[in-house]
>>> print(open('model.cif').read())   # mmCIF, C-alpha atoms
data_upload
loop_
_atom_site.group_PDB
_atom_site.id
_atom_site.type_symbol
_atom_site.label_atom_id
_atom_site.label_comp_id
_atom_site.auth_asym_id
_atom_site.auth_seq_id
_atom_site.Cartn_x
_atom_site.Cartn_y
_atom_site.Cartn_z
ATOM 1 C CA MET A 1 -77.371 -35.447 -270.762
ATOM 2 C CA LYS A 2 -77.887 -39.153 -270.342
ATOM 3 C CA GLN A 3 -79.300 -39.644 -266.874
ATOM 4 C CA LYS A 4 -77.468 -42.121 -264.712
ATOM 5 C CA SER A 5 -79.695 -44.783 -263.239
ATOM 6 C CA PHE A 6 -80.477 -44.355 -259.560
ATOM 7 C CA ALA A 7 -81.644 -47.950 -259.191
ATOM 8 C CA ASP A 8 -78.405 -49.291 -257.752
ATOM 9 C CA MET A 9 -78.171 -46.552 -255.137
ATOM 10 C CA ARG A 10 -79.226 -47.351 -251.631
ATOM 11 C CA CYS A 11 -80.836 -44.031 -250.763
ATOM 12 C CA SER A 12 -84.642 -44.231 -250.725
ATOM 13 C CA ILE A 13 -84.911 -40.812 -252.330
ATOM 14 C CA ALA A 14 -82.754 -41.781 -255.296
ATOM 15 C CA ARG A 15 -84.629 -45.054 -255.610
ATOM 16 C CA SER A 16 -87.995 -43.298 -255.483
ATOM 17 C CA LEU A 17 -86.962 -40.859 -258.191
ATOM 18 C CA GLU A 18 -85.972 -43.844 -260.327
ATOM 19 C CA VAL A 19 -89.365 -45.493 -259.864
ATOM 20 C CA ILE A 20 -91.429 -42.360 -260.361
ATOM 21 C CA GLY A 21 -89.516 -41.540 -263.528
ATOM 22 C CA PRO A 22 -89.062 -38.100 -265.059
ATOM 23 C CA TRP A 23 -90.866 -35.074 -263.641
ATOM 24 C CA TRP A 24 -93.418 -35.376 -266.424
ATOM 25 C CA SER A 25 -94.514 -38.595 -264.877
ATOM 26 C CA PHE A 26 -95.295 -36.838 -261.640
ATOM 27 C CA LEU A 27 -97.786 -34.637 -263.479
ATOM 28 C CA ILE A 28 -99.468 -37.788 -264.764
ATOM 29 C CA ILE A 29 -99.698 -38.980 -261.145
ATOM 30 C CA ARG A 30 -101.155 -35.600 -260.192
ATOM 31 C CA ASP A 31 -103.808 -35.905 -262.897
ATOM 32 C CA ALA A 32 -104.613 -39.446 -261.791
ATOM 33 C CA PHE A 33 -105.250 -38.102 -258.275
ATOM 34 C CA MET A 34 -107.589 -35.532 -259.851
ATOM 35 C CA GLY A 35 -109.592 -38.349 -261.379
ATOM 36 C CA VAL A 36 -108.162 -38.480 -264.890
ATOM 37 C CA THR A 37 -108.146 -42.043 -266.242
ATOM 38 C CA ARG A 38 -108.204 -41.834 -270.059
ATOM 39 C CA PHE A 39 -105.306 -41.355 -272.440
ATOM 40 C CA LYS A 40 -107.012 -38.486 -274.241
ATOM 41 C CA ASP A 41 -107.700 -36.667 -270.982
ATOM 42 C CA PHE A 42 -104.082 -36.958 -269.832
ATOM 43 C CA GLU A 43 -103.078 -35.719 -273.274
ATOM 44 C CA ARG A 44 -105.369 -32.708 -273.056
ATOM 45 C CA SER A 45 -104.266 -31.864 -269.531
ATOM 46 C CA LEU A 46 -100.543 -32.194 -270.156
ATOM 47 C CA GLY A 47 -100.271 -31.029 -273.731
ATOM 48 C CA ILE A 48 -97.543 -33.511 -274.567
ATOM 49 C CA ALA A 49 -96.939 -35.632 -277.626
ATOM 50 C CA LYS A 50 -98.881 -38.899 -277.866
ATOM 51 C CA ASN A 51 -95.769 -41.063 -278.071
ATOM 52 C CA THR A 52 -94.202 -39.378 -275.035
ATOM 53 C CA LEU A 53 -97.370 -39.807 -273.005
ATOM 54 C CA SER A 54 -97.684 -43.377 -274.171
ATOM 55 C CA ASN A 55 -94.117 -44.171 -273.032
ATOM 56 C CA ARG A 56 -94.621 -42.469 -269.680
ATOM 57 C CA LEU A 57 -97.864 -44.339 -268.989
ATOM 58 C CA LYS A 58 -96.230 -47.619 -269.956
ATOM 59 C CA LEU A 59 -93.372 -46.994 -267.528
ATOM 60 C CA LEU A 60 -95.750 -46.031 -264.717
ATOM 61 C CA VAL A 61 -97.655 -49.275 -265.289
ATOM 62 C CA GLU A 62 -94.401 -51.297 -265.404
ATOM 63 C CA ASN A 63 -93.229 -49.655 -262.204
ATOM 64 C CA GLY A 64 -96.503 -50.516 -260.485
ATOM 65 C CA LEU A 65 -97.833 -46.993 -259.941
ATOM 66 C CA LEU A 66 -100.760 -47.294 -262.345
ATOM 67 C CA ASP A 67 -102.985 -50.180 -263.349
ATOM 68 C CA LYS A 68 -104.139 -50.302 -266.934
ATOM 69 C CA VAL A 69 -107.635 -51.729 -267.051
ATOM 70 C CA THR A 70 -110.177 -52.383 -269.729
ATOM 71 C CA ASP A 71 -113.001 -49.929 -269.444
ATOM 72 C CA PRO A 72 -115.807 -51.717 -267.571
ATOM 73 C CA GLY A 73 -118.208 -49.599 -269.610
ATOM 74 C CA GLY A 74 -117.220 -51.703 -272.603
ATOM 75 C CA SER A 75 -115.498 -48.979 -274.581
ATOM 76 C CA LYS A 76 -112.349 -49.893 -276.445
ATOM 77 C CA TYR A 77 -110.308 -47.407 -274.428
ATOM 78 C CA ALA A 78 -108.261 -48.450 -271.432
ATOM 79 C CA ALA A 79 -108.474 -46.648 -268.114
ATOM 80 C CA TYR A 80 -105.484 -45.930 -265.902
ATOM 81 C CA HIS A 81 -105.965 -46.108 -262.149
ATOM 82 C CA LEU A 82 -103.525 -45.482 -259.327
ATOM 83 C CA THR A 83 -102.418 -48.620 -257.527
ATOM 84 C CA GLU A 84 -101.898 -48.622 -253.757
ATOM 85 C CA LYS A 85 -98.236 -47.857 -254.471
ATOM 86 C CA GLY A 86 -99.312 -44.899 -256.596
ATOM 87 C CA ARG A 87 -101.897 -43.650 -254.106
ATOM 88 C CA ASP A 88 -99.235 -43.721 -251.425
ATOM 89 C CA LEU A 89 -97.569 -40.851 -253.269
ATOM 90 C CA PHE A 90 -100.304 -38.536 -251.994
ATOM 91 C CA PRO A 91 -98.147 -37.024 -249.223
ATOM 92 C CA VAL A 92 -95.447 -36.307 -251.824
ATOM 93 C CA LEU A 93 -98.039 -34.557 -253.967
ATOM 94 C CA VAL A 94 -99.278 -32.548 -250.988
ATOM 95 C CA ALA A 95 -95.746 -31.629 -249.897
ATOM 96 C CA ILE A 96 -94.808 -30.379 -253.373
ATOM 97 C CA THR A 97 -98.124 -28.531 -253.713
ATOM 98 C CA GLN A 98 -97.723 -26.763 -250.389
ATOM 99 C CA TRP A 99 -94.158 -25.790 -251.188
ATOM 100 C CA GLY A 100 -95.194 -24.509 -254.610
ATOM 101 C CA ASP A 101 -98.143 -22.563 -253.222
ATOM 102 C CA LYS A 102 -95.687 -20.763 -250.968
ATOM 103 C CA TRP A 103 -92.612 -20.371 -253.163
ATOM 104 C CA ALA A 104 -93.582 -20.726 -256.790
ATOM 105 C CA VAL A 105 -97.208 -19.680 -256.981
ATOM 106 C CA HIS A 106 -98.669 -18.328 -260.200
ATOM 107 C CA GLU A 107 -99.742 -14.676 -260.295
ATOM 108 C CA ASP A 108 -103.375 -15.789 -260.632
ATOM 109 C CA GLY A 109 -103.051 -18.017 -257.584
ATOM 110 C CA PRO A 110 -102.850 -21.789 -257.453
ATOM 111 C CA SER A 111 -104.908 -23.823 -259.915
ATOM 112 C CA PHE A 112 -106.253 -26.084 -257.189
ATOM 113 C CA GLU A 113 -106.446 -26.465 -253.451
ATOM 114 C CA ILE A 114 -106.269 -29.555 -251.299
ATOM 115 C CA ILE A 115 -109.132 -29.176 -248.873
ATOM 116 C CA ASP A 116 -110.744 -30.593 -245.788
ATOM 117 C CA LYS A 117 -114.155 -31.395 -247.270
ATOM 118 C CA ARG A 118 -115.850 -30.859 -243.909
ATOM 119 C CA THR A 119 -114.842 -27.202 -243.860
ATOM 120 C CA ASP A 120 -114.088 -26.532 -247.552
ATOM 121 C CA GLN A 121 -110.785 -24.967 -246.384
ATOM 122 C CA SER A 122 -107.220 -25.701 -247.477
ATOM 123 C CA ILE A 123 -105.546 -28.261 -245.288
ATOM 124 C CA PRO A 124 -102.732 -27.022 -243.045
ATOM 125 C CA PRO A 125 -99.105 -27.878 -243.823
ATOM 126 C CA LEU A 126 -98.149 -31.535 -243.536
ATOM 127 C CA ALA A 127 -97.073 -32.167 -239.980
ATOM 128 C CA LEU A 128 -93.771 -33.692 -238.963
ATOM 129 C CA LEU A 129 -94.580 -35.583 -235.810
ATOM 130 C CA GLY A 130 -92.351 -37.079 -233.174
ATOM 131 C CA GLY A 131 -92.672 -40.544 -231.719
ATOM 132 C CA ASP A 132 -95.197 -39.136 -229.246
ATOM 133 C CA GLY A 133 -97.528 -38.056 -232.050
ATOM 134 C CA LYS A 134 -96.961 -34.377 -231.294
ATOM 135 C CA PRO A 135 -95.413 -31.843 -233.683
ATOM 136 C CA LEU A 136 -91.660 -32.384 -233.764
ATOM 137 C CA PRO A 137 -89.592 -29.246 -233.062
ATOM 138 C CA GLU A 138 -87.164 -28.532 -235.903
ATOM 139 C CA ASP A 139 -84.109 -28.922 -233.690
ATOM 140 C CA GLU A 140 -85.216 -32.398 -232.611
ATOM 141 C CA ILE A 141 -85.218 -33.725 -236.182
ATOM 142 C CA GLY A 142 -82.125 -35.703 -237.034
ATOM 143 C CA VAL A 143 -80.790 -37.789 -239.867
ATOM 144 C CA LYS A 144 -79.038 -41.010 -238.981
ATOM 145 C CA ARG A 145 -76.988 -42.837 -241.567
ATOM 146 C CA ALA A 146 -77.239 -46.618 -241.670
ATOM 147 C CA SER A 147 -74.449 -48.336 -239.775
ATOM 148 C CA ASN A 148 -74.433 -51.525 -241.868
ATOM 149 C CA MET B 1 -86.740 -35.475 -275.389
ATOM 150 C CA LYS B 2 -86.644 -31.725 -274.957
ATOM 151 C CA GLN B 3 -88.545 -30.986 -271.793
ATOM 152 C CA LYS B 4 -91.303 -28.438 -272.089
ATOM 153 C CA SER B 5 -91.041 -25.642 -269.577
ATOM 154 C CA PHE B 6 -93.534 -25.824 -266.740
ATOM 155 C CA ALA B 7 -93.017 -22.175 -265.794
ATOM 156 C CA ASP B 8 -96.085 -20.877 -267.592
ATOM 157 C CA MET B 9 -98.369 -23.451 -266.046
ATOM 158 C CA ARG B 10 -100.518 -22.423 -263.150
ATOM 159 C CA CYS B 11 -100.331 -25.634 -261.160
ATOM 160 C CA SER B 12 -98.083 -25.323 -258.107
ATOM 161 C CA ILE B 13 -96.740 -28.818 -258.665
ATOM 162 C CA ALA B 14 -95.635 -28.086 -262.217
ATOM 163 C CA ARG B 15 -94.154 -24.792 -261.081
ATOM 164 C CA SER B 16 -92.287 -26.444 -258.230
ATOM 165 C CA LEU B 17 -90.823 -29.058 -260.541
ATOM 166 C CA GLU B 18 -89.609 -26.231 -262.771
ATOM 167 C CA VAL B 19 -87.912 -24.462 -259.869
ATOM 168 C CA ILE B 20 -86.362 -27.563 -258.346
ATOM 169 C CA GLY B 21 -84.995 -28.603 -261.716
ATOM 170 C CA PRO B 22 -84.158 -32.128 -262.814
ATOM 171 C CA TRP B 23 -84.307 -35.012 -260.342
ATOM 172 C CA TRP B 24 -80.543 -34.819 -259.990
ATOM 173 C CA SER B 25 -80.996 -31.486 -258.359
ATOM 174 C CA PHE B 26 -83.178 -33.019 -255.702
ATOM 175 C CA LEU B 27 -80.278 -35.271 -254.702
ATOM 176 C CA ILE B 28 -78.147 -32.151 -254.288
ATOM 177 C CA ILE B 29 -80.861 -30.752 -252.009
ATOM 178 C CA ARG B 30 -80.842 -34.029 -250.090
ATOM 179 C CA ASP B 31 -77.081 -33.797 -249.602
ATOM 180 C CA ALA B 32 -77.377 -30.180 -248.492
ATOM 181 C CA PHE B 33 -79.857 -31.293 -245.809
ATOM 182 C CA MET B 34 -77.274 -33.894 -244.728
ATOM 183 C CA GLY B 35 -74.756 -31.116 -244.194
ATOM 184 C CA VAL B 36 -72.804 -31.223 -247.453
ATOM 185 C CA THR B 37 -71.635 -27.742 -248.481
ATOM 186 C CA ARG B 38 -68.555 -28.165 -250.709
ATOM 187 C CA PHE B 39 -68.400 -28.856 -254.419
ATOM 188 C CA LYS B 40 -66.023 -31.777 -253.989
ATOM 189 C CA ASP B 41 -68.269 -33.395 -251.377
ATOM 190 C CA PHE B 42 -71.351 -33.129 -253.600
ATOM 191 C CA GLU B 43 -69.240 -34.591 -256.390
ATOM 192 C CA ARG B 44 -68.113 -37.514 -254.252
ATOM 193 C CA SER B 45 -71.630 -38.187 -252.979
ATOM 194 C CA LEU B 46 -73.348 -37.996 -256.343
ATOM 195 C CA GLY B 47 -70.704 -39.382 -258.648
ATOM 196 C CA ILE B 48 -71.612 -37.026 -261.464
ATOM 197 C CA ALA B 49 -69.444 -35.100 -263.888
ATOM 198 C CA LYS B 50 -67.997 -31.804 -262.669
ATOM 199 C CA ASN B 51 -69.639 -29.753 -265.401
ATOM 200 C CA THR B 52 -73.055 -31.298 -264.736
ATOM 201 C CA LEU B 53 -72.756 -30.659 -261.017
ATOM 202 C CA SER B 54 -71.540 -27.151 -261.661
ATOM 203 C CA ASN B 55 -74.561 -26.401 -263.874
ATOM 204 C CA ARG B 56 -76.983 -27.888 -261.370
ATOM 205 C CA LEU B 57 -75.540 -25.897 -258.479
ATOM 206 C CA LYS B 58 -75.653 -22.725 -260.538
ATOM 207 C CA LEU B 59 -79.324 -23.288 -261.330
ATOM 208 C CA LEU B 60 -80.172 -24.016 -257.700
ATOM 209 C CA VAL B 61 -78.476 -20.753 -256.700
ATOM 210 C CA GLU B 62 -80.280 -18.835 -259.483
ATOM 211 C CA ASN B 63 -83.591 -20.332 -258.397
ATOM 212 C CA GLY B 64 -82.987 -19.283 -254.817
ATOM 213 C CA LEU B 65 -82.721 -22.723 -253.240
ATOM 214 C CA LEU B 66 -79.032 -22.487 -252.351
ATOM 215 C CA ASP B 67 -76.797 -19.595 -251.333
ATOM 216 C CA LYS B 68 -73.243 -19.651 -252.561
ATOM 217 C CA VAL B 69 -71.012 -18.115 -249.923
ATOM 218 C CA THR B 70 -67.332 -17.559 -249.509
ATOM 219 C CA ASP B 71 -65.944 -19.898 -246.945
ATOM 220 C CA PRO B 72 -65.693 -17.922 -243.688
ATOM 221 C CA GLY B 73 -62.668 -20.077 -242.885
ATOM 222 C CA GLY B 74 -60.811 -18.184 -245.574
ATOM 223 C CA SER B 75 -60.358 -21.068 -247.984
ATOM 224 C CA LYS B 76 -60.731 -20.351 -251.674
ATOM 225 C CA TYR B 77 -63.636 -22.779 -251.956
ATOM 226 C CA ALA B 78 -67.242 -21.629 -251.852
ATOM 227 C CA ALA B 79 -69.800 -23.242 -249.602
ATOM 228 C CA TYR B 80 -73.396 -23.906 -250.614
ATOM 229 C CA HIS B 81 -76.095 -23.516 -248.000
ATOM 230 C CA LEU B 82 -79.832 -24.041 -248.235
ATOM 231 C CA THR B 83 -81.851 -20.841 -248.221
ATOM 232 C CA GLU B 84 -85.174 -20.635 -246.381
ATOM 233 C CA LYS B 85 -86.822 -21.550 -249.694
ATOM 234 C CA GLY B 86 -84.553 -24.582 -249.930
ATOM 235 C CA ARG B 87 -85.030 -25.628 -246.306
ATOM 236 C CA ASP B 88 -88.774 -25.471 -246.831
ATOM 237 C CA LEU B 89 -88.373 -28.489 -249.112
ATOM 238 C CA PHE B 90 -87.823 -30.651 -246.033
ATOM 239 C CA PRO B 91 -91.381 -32.067 -246.008
ATOM 240 C CA VAL B 92 -90.942 -32.997 -249.685
ATOM 241 C CA LEU B 93 -87.720 -34.792 -248.802
ATOM 242 C CA VAL B 94 -89.416 -36.588 -245.916
ATOM 243 C CA ALA B 95 -92.430 -37.553 -248.032
ATOM 244 C CA ILE B 96 -90.257 -39.025 -250.787
ATOM 245 C CA THR B 97 -88.037 -40.796 -248.246
ATOM 246 C CA GLN B 98 -90.999 -42.378 -246.476
ATOM 247 C CA TRP B 99 -92.517 -43.500 -249.759
ATOM 248 C CA GLY B 100 -89.183 -44.947 -250.894
ATOM 249 C CA ASP B 101 -88.594 -46.717 -247.589
ATOM 250 C CA LYS B 102 -91.921 -48.449 -248.105
ATOM 251 C CA TRP B 103 -92.010 -49.068 -251.844
ATOM 252 C CA ALA B 104 -88.526 -48.880 -253.262
ATOM 253 C CA VAL B 105 -86.238 -49.843 -250.429
ATOM 254 C CA HIS B 106 -82.818 -51.329 -251.110
ATOM 255 C CA GLU B 107 -82.215 -54.950 -250.098
ATOM 256 C CA ASP B 108 -79.727 -53.755 -247.473
ATOM 257 C CA GLY B 109 -82.287 -51.367 -246.021
ATOM 258 C CA PRO B 110 -82.422 -47.585 -246.329
ATOM 259 C CA SER B 111 -79.154 -45.654 -246.264
ATOM 260 C CA PHE B 112 -80.462 -43.204 -243.685
ATOM 261 C CA GLU B 113 -83.329 -42.607 -241.309
ATOM 262 C CA ILE B 114 -85.069 -39.401 -240.343
ATOM 263 C CA ILE B 115 -85.303 -39.577 -236.576
ATOM 264 C CA ASP B 116 -86.765 -37.932 -233.525
ATOM 265 C CA LYS B 117 -83.507 -37.115 -231.730
ATOM 266 C CA ARG B 118 -85.195 -37.402 -228.345
ATOM 267 C CA THR B 119 -85.933 -41.090 -228.919
ATOM 268 C CA ASP B 120 -83.457 -41.982 -231.697
ATOM 269 C CA GLN B 121 -86.414 -43.570 -233.531
ATOM 270 C CA SER B 122 -87.647 -43.006 -237.077
ATOM 271 C CA ILE B 123 -90.348 -40.374 -237.261
ATOM 272 C CA PRO B 124 -93.855 -41.568 -238.085
ATOM 273 C CA PRO B 125 -95.392 -40.864 -241.518
ATOM 274 C CA LEU B 126 -96.090 -37.220 -242.303
ATOM 275 C CA ALA B 127 -99.554 -36.417 -241.070
ATOM 276 C CA LEU B 128 -102.314 -34.941 -243.190
ATOM 277 C CA LEU B 129 -104.304 -32.847 -240.770
ATOM 278 C CA GLY B 130 -107.712 -31.262 -241.054
ATOM 279 C CA GLY B 131 -108.581 -27.712 -240.120
ATOM 280 C CA ASP B 132 -109.077 -28.908 -236.539
ATOM 281 C CA GLY B 133 -105.463 -30.069 -236.315
ATOM 282 C CA LYS B 134 -106.515 -33.718 -236.090
ATOM 283 C CA PRO B 135 -105.606 -36.430 -238.620
ATOM 284 C CA LEU B 136 -107.773 -36.003 -241.692
ATOM 285 C CA PRO B 137 -109.659 -39.155 -242.749
ATOM 286 C CA GLU B 138 -108.868 -40.095 -246.348
ATOM 287 C CA ASP B 139 -112.458 -39.673 -247.495
ATOM 288 C CA GLU B 140 -112.567 -36.113 -246.164
ATOM 289 C CA ILE B 141 -109.669 -34.988 -248.359
ATOM 290 C CA GLY B 142 -110.788 -33.146 -251.457
ATOM 291 C CA VAL B 143 -109.263 -31.263 -254.348
ATOM 292 C CA LYS B 144 -110.935 -28.039 -255.394
ATOM 293 C CA ARG B 145 -110.022 -26.437 -258.692
ATOM 294 C CA ALA B 146 -109.698 -22.655 -258.753
ATOM 295 C CA SER B 147 -112.845 -20.912 -259.952
ATOM 296 C CA ASN B 148 -111.108 -17.846 -261.436
#
>>> encode(input="model.cif", output="structure tokens")
Amino acid sequence: MKQKSFADMRCSIARSLEVIGPWWSFLIIRDAFMGVTRFKDFERSLGIAKNTLSNRLKLLVENGLLDKVTDPGGSKYAAYHLTEKGRDLFPVLVAITQWGDKWAVHEDGPSFEIIDKRTDQSIPPLALLGGDGKPLPEDEIGVKRASN
Amino acid sequence: MKQKSFADMRCSIARSLEVIGPWWSFLIIRDAFMGVTRFKDFERSLGIAKNTLSNRLKLLVENGLLDKVTDPGGSKYAAYHLTEKGRDLFPVLVAITQWGDKWAVHEDGPSFEIIDKRTDQSIPPLALLGGDGKPLPEDEIGVKRASN
């Protein structure tokens, strides 16, 4: 199926999905958060074809999620680093991870944990807060459509 | 490109992406959170072909994110409701929305806001908390790979 572009939609979710690209791309973002920077390391981690990976990385750079930089060590290989826009996806990564750990976990357990380094323990679920900075009760969460 | 299955991967992110299905499916989840339950209303909202929508809904039911129920009103049309597993995707929805509102917002502004009903104001960004329940400083967040 040819995927319809979400770019002309007004919904921020649809627009985000357009910018992030296919799911595959989200695994590249995940790896970048884990410290992967080199093409060959993404390739090894993801096990996808070189040309596919190359296209995905190109799109992530074009969409401003990754910066492609010459290796300061002087090697001929480029390094890919998350931009601020890319790093801002961290809560999305955490939200998906926490959902997956609960609902789709592998029989051997999760492959990684997101931890509070001070305690070495998994962080608690992302908190939905109200305007007062306190946890927002589920029945006080609303969705308001734009009026304009 | 034929998408490789993520189901055999151990990473909770990859496994979640497998269960949620293609991005399109996430827009169905979004609509379900907005109160859409009927096939024709998903169709109108998403503007996709009937057979595509039908396949996506079927997969979401099979994967346990939606329940398909006979309309208690006695109409011949089924209603689709989020299961607990589906409703648990709310933080993912919020995280993507907040990212999109910041980095991919439409020129007319977002199409909806997630609000604290008590104040009618947008909720603040999802909070990453430490084990002590307080906001976790960025440099105290770590990722620990499984040792087994």
>>> residues_around(input="model.cif", residues="Arg30 in chain B", least_positions_apart="6", cutoff="10 Å", atoms="all atoms listed in the file", output="ChimeraX atom specification")
/A:13-14 /B:24,36,89-90,93-94
>>> write_last_selection(input="model.cif", atoms="C-alpha atoms", output="PDB file, keeping the file's coordinate frame")
ATOM      1  CA  ILE A  13     -84.911 -40.812-252.330  1.00  0.00           C
ATOM      2  CA  ALA A  14     -82.754 -41.781-255.296  1.00  0.00           C
TER       3      ALA A  14
ATOM      4  CA  TRP B  24     -80.543 -34.819-259.990  1.00  0.00           C
ATOM      5  CA  VAL B  36     -72.804 -31.223-247.453  1.00  0.00           C
ATOM      6  CA  LEU B  89     -88.373 -28.489-249.112  1.00  0.00           C
ATOM      7  CA  PHE B  90     -87.823 -30.651-246.033  1.00  0.00           C
ATOM      8  CA  LEU B  93     -87.720 -34.792-248.802  1.00  0.00           C
ATOM      9  CA  VAL B  94     -89.416 -36.588-245.916  1.00  0.00           C
TER      10      VAL B  94
END
>>> closest_residue(input="model.cif", among="A:Ala104, A:Ile141, A:Leu136, A:Val19", to="Gly64 in chain B", atoms="all atoms listed in the file")
A:Ala104
>>> resolve_selection(input="model.cif", expression="the PyMOL selection byres ((chain A and resi 101) around 10)", output="mmCIF file with C-alpha atoms, keeping the file's coordinate frame")
data_model
loop_
_atom_site.group_PDB
_atom_site.id
_atom_site.type_symbol
_atom_site.label_atom_id
_atom_site.label_comp_id
_atom_site.auth_asym_id
_atom_site.auth_seq_id
_atom_site.Cartn_x
_atom_site.Cartn_y
_atom_site.Cartn_z
ATOM 1 C CA ALA A 95 -95.746 -31.629 -249.897
ATOM 2 C CA ILE A 96 -94.808 -30.379 -253.373
ATOM 3 C CA THR A 97 -98.124 -28.531 -253.713
ATOM 4 C CA GLN A 98 -97.723 -26.763 -250.389
ATOM 5 C CA TRP A 99 -94.158 -25.790 -251.188
ATOM 6 C CA GLY A 100 -95.194 -24.509 -254.610
ATOM 7 C CA LYS A 102 -95.687 -20.763 -250.968
ATOM 8 C CA TRP A 103 -92.612 -20.371 -253.163
ATOM 9 C CA ALA A 104 -93.582 -20.726 -256.790
ATOM 10 C CA VAL A 105 -97.208 -19.680 -256.981
ATOM 11 C CA HIS A 106 -98.669 -18.328 -260.200
ATOM 12 C CA GLY A 109 -103.051 -18.017 -257.584
ATOM 13 C CA PRO A 110 -102.850 -21.789 -257.453
ATOM 14 C CA SER A 111 -104.908 -23.823 -259.915
ATOM 15 C CA PHE A 112 -106.253 -26.084 -257.189
ATOM 16 C CA GLU A 113 -106.446 -26.465 -253.451
ATOM 17 C CA CYS B 11 -100.331 -25.634 -261.160
ATOM 18 C CA SER B 12 -98.083 -25.323 -258.107
ATOM 19 C CA ILE B 13 -96.740 -28.818 -258.665
ATOM 20 C CA ARG B 15 -94.154 -24.792 -261.081
ATOM 21 C CA SER B 16 -92.287 -26.444 -258.230
#
>>> residues_around(input="model.cif", residues="Gly142 in chain B", least_positions_apart="2", cutoff="9 Å", atoms="all atoms listed in the file", output="ChimeraX atom specification")
/A:113-117,120 /B:138-140,144
>>> residues_around(input="model.cif", residues="Leu66 in chain B", least_positions_apart="5", cutoff="6 Å", atoms="all atoms listed in the file", output="PyMOL selection string")
chain B and resi 60-61+81-83
>>> closest_residue(input="model.cif", among="B:Leu27, B:Ala49, B:Ile20, B:Ala32", to="chain A", atoms="only C-alpha atoms")
B:Leu27
>>> closest_residue(input="model.cif", among="B:Asp88, B:Asp132, B:Asp108, B:Asp71", to="Ile29 in chain B", atoms="only C-alpha atoms")
B:Asp88
>>> atom_distance(input="model.cif", atom1="CA of Pro91 in chain B", atom2="CA of Ile28 in chain B")
15.6 Å
>>> atom_distance(input="model.cif", atom1="CA of Arg87 in chain B", atom2="CA of Val92 in chain A")
15.9 Å
>>> atom_distance(input="model.cif", atom1="CA of Trp23 in chain A", atom2="CA of Ala78 in chain A")
23.3 Å
>>> resolve_selection(input="model.cif", expression="the PyMOL selection byres ((chain B and resi 124-130) around 6)", output="ChimeraX atom specification")
/A:116,123,126-128 /B:123,131-136
>>> write_last_selection(input="model.cif", atoms="C-alpha atoms", output="short mmCIF file (atom, residue, chain, number, x, y, z; two decimals), in the coordinates of the input")
data_model
loop_
_atom_site.label_atom_id
_atom_site.label_comp_id
_atom_site.auth_asym_id
_atom_site.auth_seq_id
_atom_site.Cartn_x
_atom_site.Cartn_y
_atom_site.Cartn_z
CA ASP A 116 -110.74 -30.59 -245.79
CA ILE A 123 -105.55 -28.26 -245.29
CA LEU A 126 -98.15 -31.54 -243.54
CA ALA A 127 -97.07 -32.17 -239.98
CA LEU A 128 -93.77 -33.69 -238.96
CA ILE B 123 -90.35 -40.37 -237.26
CA GLY B 131 -108.58 -27.71 -240.12
CA ASP B 132 -109.08 -28.91 -236.54
CA GLY B 133 -105.46 -30.07 -236.32
CA LYS B 134 -106.52 -33.72 -236.09
CA PRO B 135 -105.61 -36.43 -238.62
CA LEU B 136 -107.77 -36.00 -241.69
#
>>> decode(input="model.cif", residues="range 63-92 of chain B", atoms="C-alpha atoms", output="tab-separated table (two decimals), in the first residue's frame")
chain	number	residue	atom	x	y	z
B	63	ASN	CA	-3.46	-7.59	18.72
B	64	GLY	CA	-5.72	-6.79	21.64
B	65	LEU	CA	-5.72	-3.00	21.35
B	66	LEU	CA	-9.38	-2.66	20.36
B	67	ASP	CA	-12.49	-4.64	21.25
B	68	LYS	CA	-15.09	-5.06	18.56
B	69	VAL	CA	-18.51	-5.07	20.17
B	70	THR	CA	-22.05	-5.24	18.94
B	71	ASP	CA	-23.71	-1.91	19.33
B	72	PRO	CA	-25.77	-2.09	22.54
B	73	GLY	CA	-28.20	0.29	20.84
B	74	GLY	CA	-29.21	-2.59	18.62
B	75	SER	CA	-27.89	-1.19	15.36
B	76	LYS	CA	-26.24	-3.59	12.96
B	77	TYR	CA	-22.95	-1.69	13.15
B	78	ALA	CA	-20.13	-2.78	15.43
B	79	ALA	CA	-18.40	-0.37	17.76
B	80	TYR	CA	-14.66	-0.40	18.43
B	81	HIS	CA	-13.46	0.42	21.92
B	82	LEU	CA	-9.96	0.64	23.33
B	83	THR	CA	-9.01	-2.23	25.60
B	84	GLU	CA	-6.91	-1.65	28.71
B	85	LYS	CA	-3.87	-2.48	26.55
B	86	GLY	CA	-4.99	0.14	24.06
B	87	ARG	CA	-5.79	2.77	26.68
B	88	ASP	CA	-2.33	2.26	28.14
B	89	LEU	CA	-0.98	3.84	24.95
B	90	PHE	CA	-2.17	7.22	26.21
B	91	PRO	CA	1.30	8.36	27.37
B	92	VAL	CA	2.66	7.44	23.92
